[in-house]
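*Asks:* target_1.txt is reproduced below (compact mmCIF, C-alpha atoms).
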# COMPACT_ATOMS: atom_id res chain seq x y z
CA MET A 1 0.00 0.00 0.00
CA GLN A 2 1.37 3.40 -0.99
CA ILE A 3 1.52 5.94 1.82
CA ASP A 4 2.33 9.47 0.69
CA GLU A 5 3.18 12.58 2.66
CA SER A 6 -0.37 13.86 3.06
CA VAL A 7 -1.47 10.65 4.77
CA MET A 8 1.45 10.98 7.23
CA LYS A 9 0.40 14.56 7.96
CA MET A 10 -3.20 13.52 8.52
CA ALA A 11 -2.06 10.85 10.95
CA THR A 12 0.16 13.34 12.80
CA PHE A 13 -2.58 15.96 13.16
CA PHE A 14 -5.13 13.40 14.25
CA ALA A 15 -2.75 11.93 16.83
CA ALA A 16 -1.90 15.39 18.20
CA ALA A 17 -5.61 16.17 18.56
CA LEU A 18 -6.31 12.83 20.27
CA SER A 19 -3.39 13.24 22.67
CA MET A 20 -4.34 16.68 23.92
CA GLY A 21 -8.09 16.24 23.65
CA ILE A 22 -8.38 13.05 25.66
CA GLY A 23 -5.51 14.03 27.93
CA ALA A 24 -7.30 17.17 29.08
CA ILE A 25 -10.31 15.26 30.48
CA GLY A 26 -8.70 13.79 33.57
CA SER A 27 -6.74 16.83 34.65
CA ALA A 28 -9.75 19.10 34.16
CA TYR A 29 -11.94 16.86 36.31
CA GLY A 30 -9.25 16.67 39.00
CA LEU A 31 -8.63 20.42 39.05
CA GLY A 32 -12.34 21.18 39.23
CA TYR A 33 -12.90 18.68 42.02
CA ALA A 34 -9.99 20.17 43.99
CA SER A 35 -11.32 23.71 43.68
CA SER A 36 -14.85 22.65 44.64
CA LYS A 37 -13.49 21.00 47.78
CA ALA A 38 -11.42 24.10 48.51
CA CYS A 39 -14.56 26.27 48.30
CA GLU A 40 -16.30 23.96 50.73
CA ALA A 41 -13.30 24.04 53.06
CA ILE A 42 -13.20 27.84 53.04
CA ALA A 43 -16.93 27.97 53.76
CA ARG A 44 -16.26 25.84 56.84
CA GLN A 45 -13.11 27.69 58.00
CA PRO A 46 -13.14 31.21 56.52
CA GLN A 47 -10.23 32.36 58.69
CA GLU A 48 -7.88 29.75 57.15
CA SER A 49 -8.63 30.77 53.56
CA GLY A 50 -5.02 31.81 52.85
CA LYS A 51 -3.62 28.40 53.72
CA ILE A 52 -6.36 26.59 51.80
CA ILE A 53 -5.87 28.69 48.66
CA LYS A 54 -2.11 28.10 48.81
CA MET A 55 -2.63 24.35 49.16
CA MET A 56 -5.13 24.36 46.29
CA LEU A 57 -2.82 26.26 43.92
CA ILE A 58 0.28 24.19 44.65
CA GLY A 59 -1.65 20.96 44.32
CA GLN A 60 -3.26 22.07 41.08
CA ALA A 61 0.12 22.97 39.61
CA ALA A 62 1.32 19.47 40.46
CA SER A 63 -1.82 17.71 39.21
CA GLY A 64 -1.61 19.48 35.85
CA THR A 65 1.45 17.36 35.08
CA PRO A 66 -0.35 14.66 32.99
CA SER A 67 -1.87 17.29 30.72
CA ILE A 68 1.57 18.94 30.35
CA PHE A 69 2.81 15.55 29.12
CA SER A 70 -0.09 15.41 26.65
CA LEU A 71 0.76 18.90 25.43
CA LEU A 72 4.41 17.88 25.07
CA ILE A 73 3.52 14.91 22.87
CA SER A 74 1.11 17.04 20.82
CA PHE A 75 3.74 19.71 20.21
CA LEU A 76 6.37 17.13 19.31
CA LEU A 77 3.97 15.56 16.82
CA LEU A 78 3.00 18.92 15.32
CA PHE A 79 6.38 20.65 15.16
CA GLY A 80 8.83 17.80 15.62
CA PRO A 81 10.91 16.06 12.96
CA ALA A 82 8.90 14.60 10.09
CA PRO A 83 8.37 10.83 10.47
CA LYS A 84 9.32 8.26 7.88
CA GLN A 85 6.63 7.18 5.45
CA GLY A 86 4.87 3.88 5.77
CA LEU A 87 1.79 2.15 7.08
CA VAL A 88 3.62 1.07 10.24
CA GLN A 89 4.55 4.66 11.01
CA VAL A 90 0.95 5.81 10.55
CA PHE A 91 -0.19 3.39 13.21
CA ALA A 92 2.78 4.19 15.46
CA ILE A 93 1.89 7.90 15.41
CA LEU A 94 -1.81 7.26 16.02
CA GLY A 95 -0.83 4.89 18.80
CA ALA A 96 1.40 7.51 20.42
CA GLY A 97 -1.50 9.97 20.46
CA ILE A 98 -3.98 7.50 21.95
CA CYS A 99 -1.41 6.19 24.45
CA MET A 100 -0.58 9.60 25.90
CA GLY A 101 -4.15 10.87 25.74
CA ALA A 102 -5.74 7.89 27.46
CA GLY A 103 -2.82 7.49 29.84
CA ALA A 104 -3.27 11.01 31.18
CA VAL A 105 -6.92 10.59 32.21
CA GLY A 106 -6.52 8.47 35.32
CA PRO A 107 -3.55 10.22 36.94
CA GLY A 108 -5.21 13.61 36.41
CA ILE A 109 -8.32 12.54 38.29
CA GLY A 110 -6.32 10.79 41.01
CA ALA A 111 -4.01 13.73 41.65
CA GLY A 112 -7.08 16.00 41.85
CA PHE A 113 -8.62 13.77 44.54
CA ALA A 114 -5.42 13.98 46.61
CA ASN A 115 -5.41 17.76 46.25
CA ALA A 116 -9.09 18.01 47.26
CA GLU A 117 -8.64 15.94 50.40
CA ALA A 118 -5.55 17.95 51.33
CA CYS A 119 -7.61 21.17 51.14
CA ASP A 120 -10.22 19.52 53.31
CA GLY A 121 -7.51 18.43 55.72
CA VAL A 122 -6.14 21.96 56.07
CA ALA A 123 -9.61 23.17 57.03
CA ARG A 124 -9.85 20.42 59.63
CA MET A 125 -6.27 20.65 61.02
CA PRO A 126 -4.69 23.99 60.04
CA ASP A 127 -1.57 23.29 62.12
CA SER A 128 -0.52 20.22 60.14
CA GLU A 129 -0.33 22.19 56.90
CA THR A 130 3.35 21.49 56.10
CA THR A 131 2.99 17.74 56.65
CA LEU A 132 -0.15 17.67 54.53
CA LEU A 133 1.58 19.59 51.75
CA ARG A 134 4.51 17.18 51.76
CA VAL A 135 2.35 14.07 51.77
CA MET A 136 0.09 15.48 49.07
CA LEU A 137 2.98 16.34 46.74
CA MET A 138 4.61 12.96 47.25
CA GLY A 139 1.38 11.06 46.73
CA GLN A 140 0.56 13.02 43.61
CA ALA A 141 4.06 12.41 42.25
CA VAL A 142 3.76 8.67 42.77
CA SER A 143 0.24 8.52 41.38
CA GLN A 144 1.46 10.23 38.21
CA SER A 145 3.94 7.42 37.55
CA THR A 146 1.48 5.72 35.22
CA SER A 147 1.21 8.80 33.02
CA ILE A 148 5.02 8.86 32.89
CA TYR A 149 5.04 5.29 31.62
CA ALA A 150 2.56 6.40 28.94
CA LEU A 151 4.90 9.30 28.10
CA VAL A 152 7.87 6.96 27.69
CA ILE A 153 5.92 4.66 25.37
CA ALA A 154 4.63 7.62 23.35
CA PHE A 155 8.21 8.91 22.94
CA LEU A 156 9.31 5.49 21.75
CA LEU A 157 6.39 5.30 19.30
CA THR A 158 7.07 8.73 17.79
CA ILE A 159 10.65 7.77 16.91
CA VAL A 160 9.78 4.41 15.30
CA MET B 1 2.91 48.80 46.02
CA HIS B 2 2.53 52.31 44.68
CA ILE B 3 3.38 53.02 41.05
CA SER B 4 3.96 56.66 40.20
CA LYS B 5 2.75 58.28 37.00
CA LYS B 6 6.29 58.46 35.61
CA GLN B 7 6.81 54.74 36.13
CA LYS B 8 3.52 54.01 34.38
CA TYR B 9 4.67 55.98 31.32
CA ILE B 10 8.01 54.16 31.31
CA LEU B 11 6.23 50.79 31.51
CA ALA B 12 3.86 51.72 28.69
CA GLY B 13 6.83 52.90 26.61
CA ILE B 14 8.70 49.63 27.11
CA ILE B 15 5.64 47.62 26.09
CA LEU B 16 5.12 49.83 23.02
CA VAL B 17 8.75 49.35 21.94
CA GLU B 18 8.36 45.61 22.49
CA ILE B 19 5.23 45.52 20.33
CA ILE B 20 6.93 47.44 17.52
CA ILE B 21 10.02 45.22 17.62
CA GLY B 22 7.85 42.11 17.84
CA ILE B 23 5.61 42.98 14.91
CA PHE B 24 8.30 44.18 12.55
CA PHE B 25 11.47 42.30 13.43
CA ILE B 26 10.69 38.95 15.07
CA LYS B 27 9.72 36.07 12.83
CA ILE B 28 7.83 33.09 14.15
CA ASP B 29 10.42 30.31 14.33
CA MET B 30 9.49 26.99 15.87
CA SER B 31 12.43 25.06 14.48
CA ALA B 32 14.10 24.99 17.90
CA ILE B 33 11.63 22.26 18.98
CA ALA B 34 12.82 19.82 16.36
CA GLU B 35 16.46 20.92 16.38
CA PRO B 36 18.81 18.34 17.86
CA PRO B 37 21.11 19.82 20.53
CA ALA B 38 24.60 20.96 19.53
CA LYS B 39 27.14 18.27 20.29
CA LEU B 40 30.89 18.24 20.79
CA LYS B 41 32.16 15.15 19.00
CA HIS B 42 35.91 15.69 18.89
CA ILE B 43 38.23 17.14 21.48
CA PHE B 44 41.93 17.69 20.67
CA GLY B 45 41.62 15.25 17.79
CA PHE B 46 40.13 12.44 19.88
CA ALA B 47 36.62 11.22 19.15
CA ILE B 48 34.31 11.29 22.18
CA PRO B 49 32.47 7.97 22.66
CA MET B 50 28.65 7.68 22.92
CA ASN B 51 27.94 10.14 20.09
CA GLY B 52 29.51 13.22 21.69
CA ILE B 53 28.51 15.42 24.64
CA ASN B 54 25.75 17.99 24.81
CA ILE B 55 27.55 21.32 25.07
CA SER B 56 24.69 23.46 26.36
CA THR B 57 23.86 20.99 29.15
CA ILE B 58 27.47 20.66 30.25
CA LEU B 59 28.10 24.41 30.24
CA ASN B 60 24.96 25.22 32.20
CA THR B 61 25.56 22.43 34.69
CA TRP B 62 29.07 23.68 35.38
CA LEU B 63 27.84 27.25 35.60
CA ILE B 64 25.27 26.28 38.24
CA MET B 65 27.86 24.24 40.13
CA VAL B 66 30.32 27.14 40.18
CA VAL B 67 27.65 29.58 41.33
CA LEU B 68 26.41 27.28 44.10
CA ILE B 69 29.89 26.38 45.35
CA LEU B 70 31.11 29.98 45.34
CA SER B 71 28.00 31.29 47.08
CA SER B 72 28.09 28.61 49.78
CA TRP B 73 31.79 29.33 50.30
CA LYS B 74 31.04 33.03 50.57
CA ILE B 75 28.23 32.47 53.08
CA THR B 76 30.06 30.05 55.35
CA ARG B 77 33.43 31.83 55.35
CA HIS B 78 32.61 34.19 58.21
CA LEU B 79 30.03 32.56 60.46
CA THR B 80 29.00 34.85 63.30
CA PRO B 81 26.80 34.38 66.39
CA VAL B 82 24.70 37.31 65.18
CA PRO B 83 23.98 36.08 61.66
CA SER B 84 24.01 38.18 58.56
CA ARG B 85 21.09 38.02 56.13
CA LEU B 86 22.61 35.37 53.89
CA GLN B 87 23.64 33.31 56.90
CA VAL B 88 20.04 33.32 58.15
CA ILE B 89 18.85 31.97 54.80
CA ALA B 90 21.52 29.25 54.80
CA GLU B 91 20.79 28.28 58.39
CA GLN B 92 17.05 28.09 57.76
CA TYR B 93 17.64 25.96 54.67
CA VAL B 94 19.92 23.52 56.45
CA SER B 95 17.77 23.19 59.55
CA ALA B 96 14.58 22.73 57.52
CA PHE B 97 16.12 19.84 55.56
CA ASP B 98 17.67 18.45 58.73
CA LYS B 99 14.25 18.31 60.35
CA LEU B 100 12.68 16.77 57.27
CA CYS B 101 15.28 14.01 56.98
CA GLU B 102 15.18 13.22 60.67
CA GLU B 103 11.40 12.94 60.46
CA VAL B 104 11.43 10.54 57.53
CA LEU B 105 14.53 8.45 58.28
CA GLY B 106 14.63 8.54 62.05
CA SER B 107 17.14 10.37 64.23
CA GLY B 108 20.79 9.60 63.56
CA LYS B 109 20.27 8.26 60.05
CA GLY B 110 18.71 11.47 58.77
CA ARG B 111 21.89 13.48 59.23
CA LYS B 112 23.75 11.17 56.84
CA TYR B 113 21.38 11.69 53.94
CA MET B 114 20.62 15.38 54.50
CA PRO B 115 23.54 16.66 52.37
CA MET B 116 22.50 14.59 49.36
CA VAL B 117 18.82 15.52 49.52
CA SER B 118 19.38 19.22 50.13
CA THR B 119 22.02 19.45 47.40
CA LEU B 120 19.74 17.70 44.92
CA PHE B 121 16.97 20.13 45.80
CA ILE B 122 18.97 23.33 45.44
CA PHE B 123 20.74 22.17 42.28
CA ILE B 124 17.49 21.20 40.54
CA LEU B 125 15.78 24.36 41.79
CA VAL B 126 18.43 26.59 40.21
CA ALA B 127 18.63 24.39 37.12
CA ASN B 128 14.88 24.58 36.53
CA SER B 129 14.73 28.35 36.82
CA ILE B 130 17.89 29.23 34.88
CA GLY B 131 15.83 29.42 31.68
CA ALA B 132 14.14 32.55 33.05
CA ILE B 133 17.37 34.53 32.66
CA PRO B 134 17.05 36.31 29.34
CA SER B 135 19.67 35.28 26.81
CA PHE B 136 19.13 36.41 23.26
CA TRP B 137 22.60 36.59 21.74
CA HIS B 138 22.29 33.16 20.13
CA ILE B 139 19.75 34.62 17.66
CA PHE B 140 22.45 36.82 16.09
CA SER B 141 24.50 35.23 13.37
CA GLY B 142 28.06 34.55 14.39
CA PHE B 143 27.18 33.34 17.87
CA PRO B 144 26.82 29.57 18.33
CA SER B 145 23.36 28.25 19.08
CA TRP B 146 24.38 26.57 22.32
CA LEU B 147 25.44 29.82 23.99
CA LYS B 148 22.33 30.47 26.06
CA PHE B 149 20.82 29.79 29.47
CA ASP B 150 19.10 26.47 29.00
CA GLU B 151 17.71 24.20 31.68
CA PRO B 152 20.08 21.24 32.09
CA THR B 153 17.11 19.31 33.49
CA LYS B 154 15.35 19.30 30.13
CA ASP B 155 18.09 16.94 28.93
CA LEU B 156 17.31 13.31 29.75
CA ASN B 157 20.99 12.61 30.48
CA THR B 158 20.98 14.90 33.52
CA THR B 159 17.78 13.59 35.06
CA LEU B 160 18.59 9.95 34.34
CA GLY B 161 21.96 10.54 36.00
CA PHE B 162 20.24 11.87 39.12
CA GLY B 163 17.75 8.99 39.03
CA LEU B 164 20.51 6.39 38.83
CA LEU B 165 22.40 8.16 41.63
CA CYS B 166 19.34 7.91 43.90
CA PHE B 167 18.83 4.27 42.85
CA LEU B 168 22.43 3.36 43.73
CA VAL B 169 22.42 5.27 47.01
CA ALA B 170 19.13 3.67 48.10
CA HIS B 171 20.21 0.11 47.28
CA ILE B 172 23.72 0.39 48.68
CA SER B 173 22.43 1.83 51.94
CA GLY B 174 19.82 -0.94 52.02
CA ILE B 175 22.61 -3.53 51.83
CA TYR B 176 24.66 -1.58 54.39
CA TYR B 177 21.92 -1.33 57.00
CA LYS B 178 20.21 -4.71 56.57
CA GLY B 179 22.92 -7.03 55.34
CA PHE B 180 22.99 -8.62 51.91
CA LYS B 181 20.95 -11.71 52.80
CA LYS B 182 18.04 -9.83 54.30
CA TYR B 183 18.16 -7.26 51.50
CA LEU B 184 17.91 -9.99 48.89
CA SER B 185 15.25 -12.01 50.69
CA GLU B 186 12.89 -9.02 50.84
CA TYR B 187 12.37 -9.24 47.11
CA PHE B 188 10.97 -12.73 47.34
CA GLU B 189 8.47 -12.19 50.12
CA PRO B 190 5.98 -13.55 51.03
CA MET B 191 7.84 -16.88 50.99
CA ILE B 192 6.02 -20.08 50.07
CA GLU B 193 6.01 -22.34 53.12
CA ILE B 194 5.84 -26.11 52.73
CA GLY B 195 6.19 -27.66 56.17
CA ARG B 196 9.40 -26.21 57.58
CA LEU B 197 10.80 -25.41 54.15
CA ARG B 198 10.64 -21.77 52.95
CA ILE B 199 10.91 -21.35 49.22
CA PRO B 200 11.47 -17.87 47.70
CA ASN B 201 8.48 -16.65 45.73
CA LEU B 202 9.93 -16.13 42.26
CA PHE B 203 6.81 -14.47 40.86
CA MET B 204 6.87 -11.73 43.52
CA GLY B 205 10.62 -11.42 42.95
CA MET B 206 10.13 -10.63 39.28
CA LEU B 207 7.41 -8.10 40.05
CA ASN B 208 9.58 -6.37 42.66
CA ILE B 209 12.61 -6.17 40.39
CA VAL B 210 10.55 -4.68 37.53
CA GLY B 211 9.04 -2.27 40.08
CA GLU B 212 12.49 -1.07 41.14
CA PHE B 213 13.37 -0.17 37.56
CA GLY B 214 9.96 1.44 37.13
CA LYS B 215 10.68 3.64 40.15
CA THR B 216 13.92 4.92 38.66
CA ILE B 217 12.35 5.52 35.25
CA SER B 218 9.38 7.42 36.66
CA HIS B 219 11.65 9.38 39.02
CA SER B 220 13.84 10.70 36.24
CA PHE B 221 11.22 11.01 33.50
CA ARG B 222 8.94 13.04 35.79
CA LEU B 223 11.48 15.86 36.02
CA PHE B 224 12.52 15.52 32.39
CA GLY B 225 8.98 15.51 31.01
CA ASN B 226 7.88 18.44 33.12
CA MET B 227 10.85 20.62 32.24
CA LEU B 228 10.88 19.73 28.53
CA GLY B 229 7.12 20.33 28.36
CA SER B 230 7.47 23.67 30.14
CA ALA B 231 10.33 24.74 27.86
CA ILE B 232 8.34 23.84 24.73
CA ILE B 233 5.21 25.62 25.99
CA ILE B 234 7.26 28.74 26.77
CA LEU B 235 8.89 28.61 23.33
CA VAL B 236 5.65 28.10 21.40
CA ILE B 237 3.54 30.69 23.23
CA SER B 238 6.40 33.22 23.19
CA ASN B 239 6.70 32.71 19.46
CA LEU B 240 2.97 33.01 18.85
CA THR B 241 2.83 36.28 20.82
CA LYS B 242 6.11 37.44 19.24
CA TYR B 243 7.84 37.76 22.63
CA ILE B 244 5.55 40.61 23.77
CA VAL B 245 5.10 40.68 27.60
CA MET B 246 4.02 37.00 27.82
CA PRO B 247 7.48 35.36 28.33
CA VAL B 248 7.82 36.98 31.75
CA PHE B 249 4.68 35.39 33.12
CA LEU B 250 5.30 32.09 31.35
CA ASN B 251 8.79 31.85 32.82
CA ALA B 252 7.53 32.84 36.25
CA PHE B 253 4.88 30.12 36.22
CA PHE B 254 6.60 27.25 34.41
CA GLY B 255 10.20 27.97 35.33
CA LEU B 256 9.99 29.20 38.90
CA PHE B 257 6.71 27.79 40.27
CA ILE B 258 6.49 24.38 38.59
CA GLY B 259 10.29 24.13 38.69
CA ALA B 260 10.32 24.60 42.45
CA ILE B 261 7.54 22.04 42.96
CA GLN B 262 9.29 19.49 40.78
CA ALA B 263 12.63 20.06 42.53
CA PHE B 264 10.95 19.47 45.89
CA VAL B 265 9.18 16.37 44.60
CA PHE B 266 12.45 14.98 43.21
CA ALA B 267 14.33 15.50 46.48
CA MET B 268 11.49 14.11 48.57
CA LEU B 269 11.16 11.00 46.41
CA ALA B 270 14.92 10.40 46.69
CA LEU B 271 14.54 10.58 50.47
CA VAL B 272 11.52 8.26 50.47
CA TYR B 273 13.24 5.67 48.28
CA VAL B 274 16.15 5.62 50.74
CA SER B 275 13.78 5.32 53.69
CA VAL B 276 11.89 2.40 52.08
CA MET B 277 15.20 0.59 51.65
CA ILE B 278 16.75 1.16 55.07
CA ASN B 279 13.74 0.97 57.38
CA GLU B 280 12.63 -2.43 58.62
Show how you would write the structure in this file as structure tokens.

*Replies:*
Amino acid sequence: MQIDESVMKMATFFAAALSMGIGAIGSAYGLGYASSKACEAIARQPQESGKIIKMMLIGQAASGTPSIFSLLISFLLLFGPAPKQGLVQVFAILGAGICMGAGAVGPGIGAGFANAEACDGVARMPDSETTLLRVMLMGQAVSQSTSIYALVIAFLLTIV
Amino acid sequence: MHISKKQKYILAGIILVEIIIGIFFIKIDMSAIAEPPAKLKHIFGFAIPMNGINISTILNTWLIMVVLILSSWKITRHLTPVPSRLQVIAEQYVSAFDKLCEEVLGSGKGRKYMPMVSTLFIFILVANSIGAIPSFWHIFSGFPSWLKFDEPTKDLNTTLGFGLLCFLVAHISGIYYKGFKKYLSEYFEPMIEIGRLRIPNLFMGMLNIVGEFGKTISHSFRLFGNMLGSAIIILVISNLTKYIVMPVFLNAFFGLFIGAIQAFVFAMLALVYVSVMINE
């Protein structure tokens, strides 16, 4: 089967769209859940709002990591070196997009849950803020391991 | 903060000049994403093995090392009972990490690993935010493309080196504190017991060994992916807005904020991996 340049471009664009489009779902859900919990926590403890907002922002920056990986793969597909031509490469590129996109859903949601409960925890125990922050960041980092495995596989697929 | 009328005019003037320069002189150029890094392949006539070294990474790494070593020498040269400002910062830094390590590893052991963890943190912190220093001379012809402030952490070689360092430190201290036999037997637990015979569980052993490599890969790729992603986002959005105003905020968010979080996460995970290995 003859694969010309336009087919390769179509595959690249479609994979970039899949990667970022699906990859945004999980992080968005997690970020929204975290901010809703933070609102609830502030309603319960209005005098601790500074600590809760700080916890929410730091946690959200950390739980945006899977979608940053999706964006990275999308940009590499769009602006990166042109792939070789062939049917195998078409499927490799599509696979890279789906791999990173779908792989970013779960970790985004999970990291958002950790962030939400940490905000809740600050409202309940304002004194243990530093411990909570540390545990939250560490837990989020470990829970994002799966999206990193997806990133590694997507890298390998884009250079096939 | 109060901004006077004169300062407002100066700010508006700077932005206006930026817009004019951006619209008329700066072309959108995204080739830096696909460009392979400049490599030094020969030195004094000898070929360097492993396909050469990455010049920009090496230069920036050494620059950060020199800056950190000189500043710590400068701060600790004259220690006084009534501390100076820099000494207060250094003391706070050391005591905060001391407390953290003692909490995680237990008293006595924490002191041994504090230098490694705190050095990893401050090195990665500076390395992640070095991209925020403006360096534009590489866009002129005649200057080499590697002569700019570039995050060393967006090169996989740096982060994989740190990851392997943490891997080796964790496993060697595990052997040191537990003894080789106990260290090895922990991979094959829970043992299969037949009567009084205890047979190592090979299936769990395989899972644990794969898990150890997975830890190292995720540890180093987390930093690498975050910093490479941030650098590409900064490059693309700066190009799309023609370097008008936006790069400042992008660098502040991705370089300083996310960079600091990732540096902390990296150091903390190194500490936790050690603590998993040495604690019973």

*Asks:* Could you give me, as CSV, a per-residue list for chain A showing, wherever an atom lies at most 9 Å from an atom of chain B, the closest pair of atoms and their distance in Å to one decimal, using only C-alpha atoms and sorting by chain then residue number from low to high?

*Replies:*
residue,atom,partner,partner_atom,distance
A:Ile58,CA,B:Ile261,CA,7.8
A:Ala61,CA,B:Ile258,CA,6.6
A:Ala62,CA,B:Ile261,CA,7.2
A:Thr65,CA,B:Asn226,CA,6.8
A:Ile68,CA,B:Gly229,CA,6.1
A:Phe69,CA,B:Gly225,CA,6.5
A:Ser70,CA,B:Gly229,CA,8.9
A:Leu71,CA,B:Gly229,CA,7.1
A:Leu72,CA,B:Gly229,CA,4.9
A:Ile73,CA,B:Gly229,CA,8.5
A:Phe75,CA,B:Ile232,CA,7.7
A:Leu76,CA,B:Ile33,CA,7.4
A:Phe79,CA,B:Ala34,CA,6.6
A:Gly80,CA,B:Ala34,CA,4.5
A:Pro81,CA,B:Ala34,CA,5.4
A:Arg134,CA,B:Met268,CA,8.3
A:Leu137,CA,B:Val265,CA,6.6
A:Met138,CA,B:Val265,CA,6.3
A:Ala141,CA,B:Val265,CA,6.9
A:Val142,CA,B:Ser218,CA,8.4
A:Gln144,CA,B:Arg222,CA,8.3
A:Ser145,CA,B:Ser218,CA,5.5
A:Thr146,CA,B:Ser218,CA,8.2
A:Ile148,CA,B:Ser218,CA,5.9
A:Tyr149,CA,B:Ser218,CA,7.0
A:Leu151,CA,B:Gly225,CA,8.0
A:Val152,CA,B:Phe221,CA,7.8

*Asks:* Please provide as a VMD selection string all residues within 12 Å of Met100 (chain A), with the sequence filter that same-chain residues fewer than 4 positions apart are discarded (counting only C-alpha atoms).

*Replies:* chain A and resid 15 to 24 26 66 to 74 77 93 to 96 104 to 107 146 to 158

*Asks:* Mind listing whatever residues come within 10 Å of the point (-2.7, 13.8, 53.3)? Use only C-alpha atoms, file coordinates, and give them as a PyMOL selection string.

*Replies:* chain A and resi 114-122+128-129+131-139

*Asks:* If you keep C-alpha atoms, can you produce a file of those selected residues as a short mmCIF file (atom, residue, chain, number, x, y, z; two decimals), keeping the file's coordinate frame?

*Replies:*
data_model
loop_
_atom_site.label_atom_id
_atom_site.label_comp_id
_atom_site.auth_asym_id
_atom_site.auth_seq_id
_atom_site.Cartn_x
_atom_site.Cartn_y
_atom_site.Cartn_z
CA ALA A 114 -5.42 13.98 46.61
CA ASN A 115 -5.41 17.76 46.25
CA ALA A 116 -9.09 18.01 47.26
CA GLU A 117 -8.64 15.94 50.40
CA ALA A 118 -5.55 17.95 51.33
CA CYS A 119 -7.61 21.17 51.14
CA ASP A 120 -10.22 19.52 53.31
CA GLY A 121 -7.51 18.43 55.72
CA VAL A 122 -6.14 21.96 56.07
CA SER A 128 -0.52 20.22 60.14
CA GLU A 129 -0.33 22.19 56.90
CA THR A 131 2.99 17.74 56.65
CA LEU A 132 -0.15 17.67 54.53
CA LEU A 133 1.58 19.59 51.75
CA ARG A 134 4.51 17.18 51.76
CA VAL A 135 2.35 14.07 51.77
CA MET A 136 0.09 15.48 49.07
CA LEU A 137 2.98 16.34 46.74
CA MET A 138 4.61 12.96 47.25
CA GLY A 139 1.38 11.06 46.73
#

*Asks:* Could you tell me how far CA of Pro83 (chain A) lies from CA of Val160 (chain A), in Å and to one decimal?

*Replies:*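 These atoms are spaced 8.2 Å apart.
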
*Asks:* Of the residues A:Ile159, A:Phe113, A:Gln47, A:Pro126, which is the one nearest to Tyr33 (chain A), using all atoms listed in the file?

*Replies:*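 So, comparing all the options, the nearest one is A:Phe113.
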
*Asks:* Could N, CA and C atoms be built for region 264-275 of chain B and written out as a PDB file, keeping the file's coordinate frame?

*Replies:*
ATOM      1  N   PHE B 264      11.304  19.993  44.574  1.00  0.00           N
ATOM      2  CA  PHE B 264      10.950  19.470  45.890  1.00  0.00           C
ATOM      3  C   PHE B 264      10.501  18.014  45.789  1.00  0.00           C
ATOM      4  N   VAL B 265       9.668  17.733  44.774  1.00  0.00           N
ATOM      5  CA  VAL B 265       9.180  16.370  44.600  1.00  0.00           C
ATOM      6  C   VAL B 265      10.346  15.415  44.351  1.00  0.00           C
ATOM      7  N   PHE B 266      11.302  15.849  43.521  1.00  0.00           N
ATOM      8  CA  PHE B 266      12.450  14.980  43.210  1.00  0.00           C
ATOM      9  C   PHE B 266      13.246  14.674  44.473  1.00  0.00           C
ATOM     10  N   ALA B 267      13.542  15.716  45.256  1.00  0.00           N
ATOM     11  CA  ALA B 267      14.330  15.500  46.480  1.00  0.00           C
ATOM     12  C   ALA B 267      13.579  14.635  47.467  1.00  0.00           C
ATOM     13  N   MET B 268      12.259  14.889  47.603  1.00  0.00           N
ATOM     14  CA  MET B 268      11.490  14.110  48.570  1.00  0.00           C
ATOM     15  C   MET B 268      11.407  12.650  48.158  1.00  0.00           C
ATOM     16  N   LEU B 269      11.249  12.396  46.846  1.00  0.00           N
ATOM     17  CA  LEU B 269      11.160  11.000  46.410  1.00  0.00           C
ATOM     18  C   LEU B 269      12.488  10.293  46.630  1.00  0.00           C
ATOM     19  N   ALA B 270      13.615  11.012  46.412  1.00  0.00           N
ATOM     20  CA  ALA B 270      14.920  10.400  46.690  1.00  0.00           C
ATOM     21  C   ALA B 270      14.998   9.977  48.149  1.00  0.00           C
ATOM     22  N   LEU B 271      14.519  10.872  49.033  1.00  0.00           N
ATOM     23  CA  LEU B 271      14.540  10.580  50.470  1.00  0.00           C
ATOM     24  C   LEU B 271      13.651   9.386  50.799  1.00  0.00           C
ATOM     25  N   VAL B 272      12.460   9.348  50.171  1.00  0.00           N
ATOM     26  CA  VAL B 272      11.520   8.260  50.470  1.00  0.00           C
ATOM     27  C   VAL B 272      12.052   6.928  49.958  1.00  0.00           C
ATOM     28  N   TYR B 273      12.688   6.925  48.787  1.00  0.00           N
ATOM     29  CA  TYR B 273      13.240   5.670  48.280  1.00  0.00           C
ATOM     30  C   TYR B 273      14.316   5.142  49.219  1.00  0.00           C
ATOM     31  N   VAL B 274      15.146   6.060  49.765  1.00  0.00           N
ATOM     32  CA  VAL B 274      16.150   5.620  50.740  1.00  0.00           C
ATOM     33  C   VAL B 274      15.464   5.058  51.982  1.00  0.00           C
ATOM     34  N   SER B 275      14.410   5.741  52.445  1.00  0.00           N
ATOM     35  CA  SER B 275      13.780   5.320  53.690  1.00  0.00           C
ATOM     36  C   SER B 275      13.076   3.969  53.510  1.00  0.00           C
TER      37      SER B 275
END
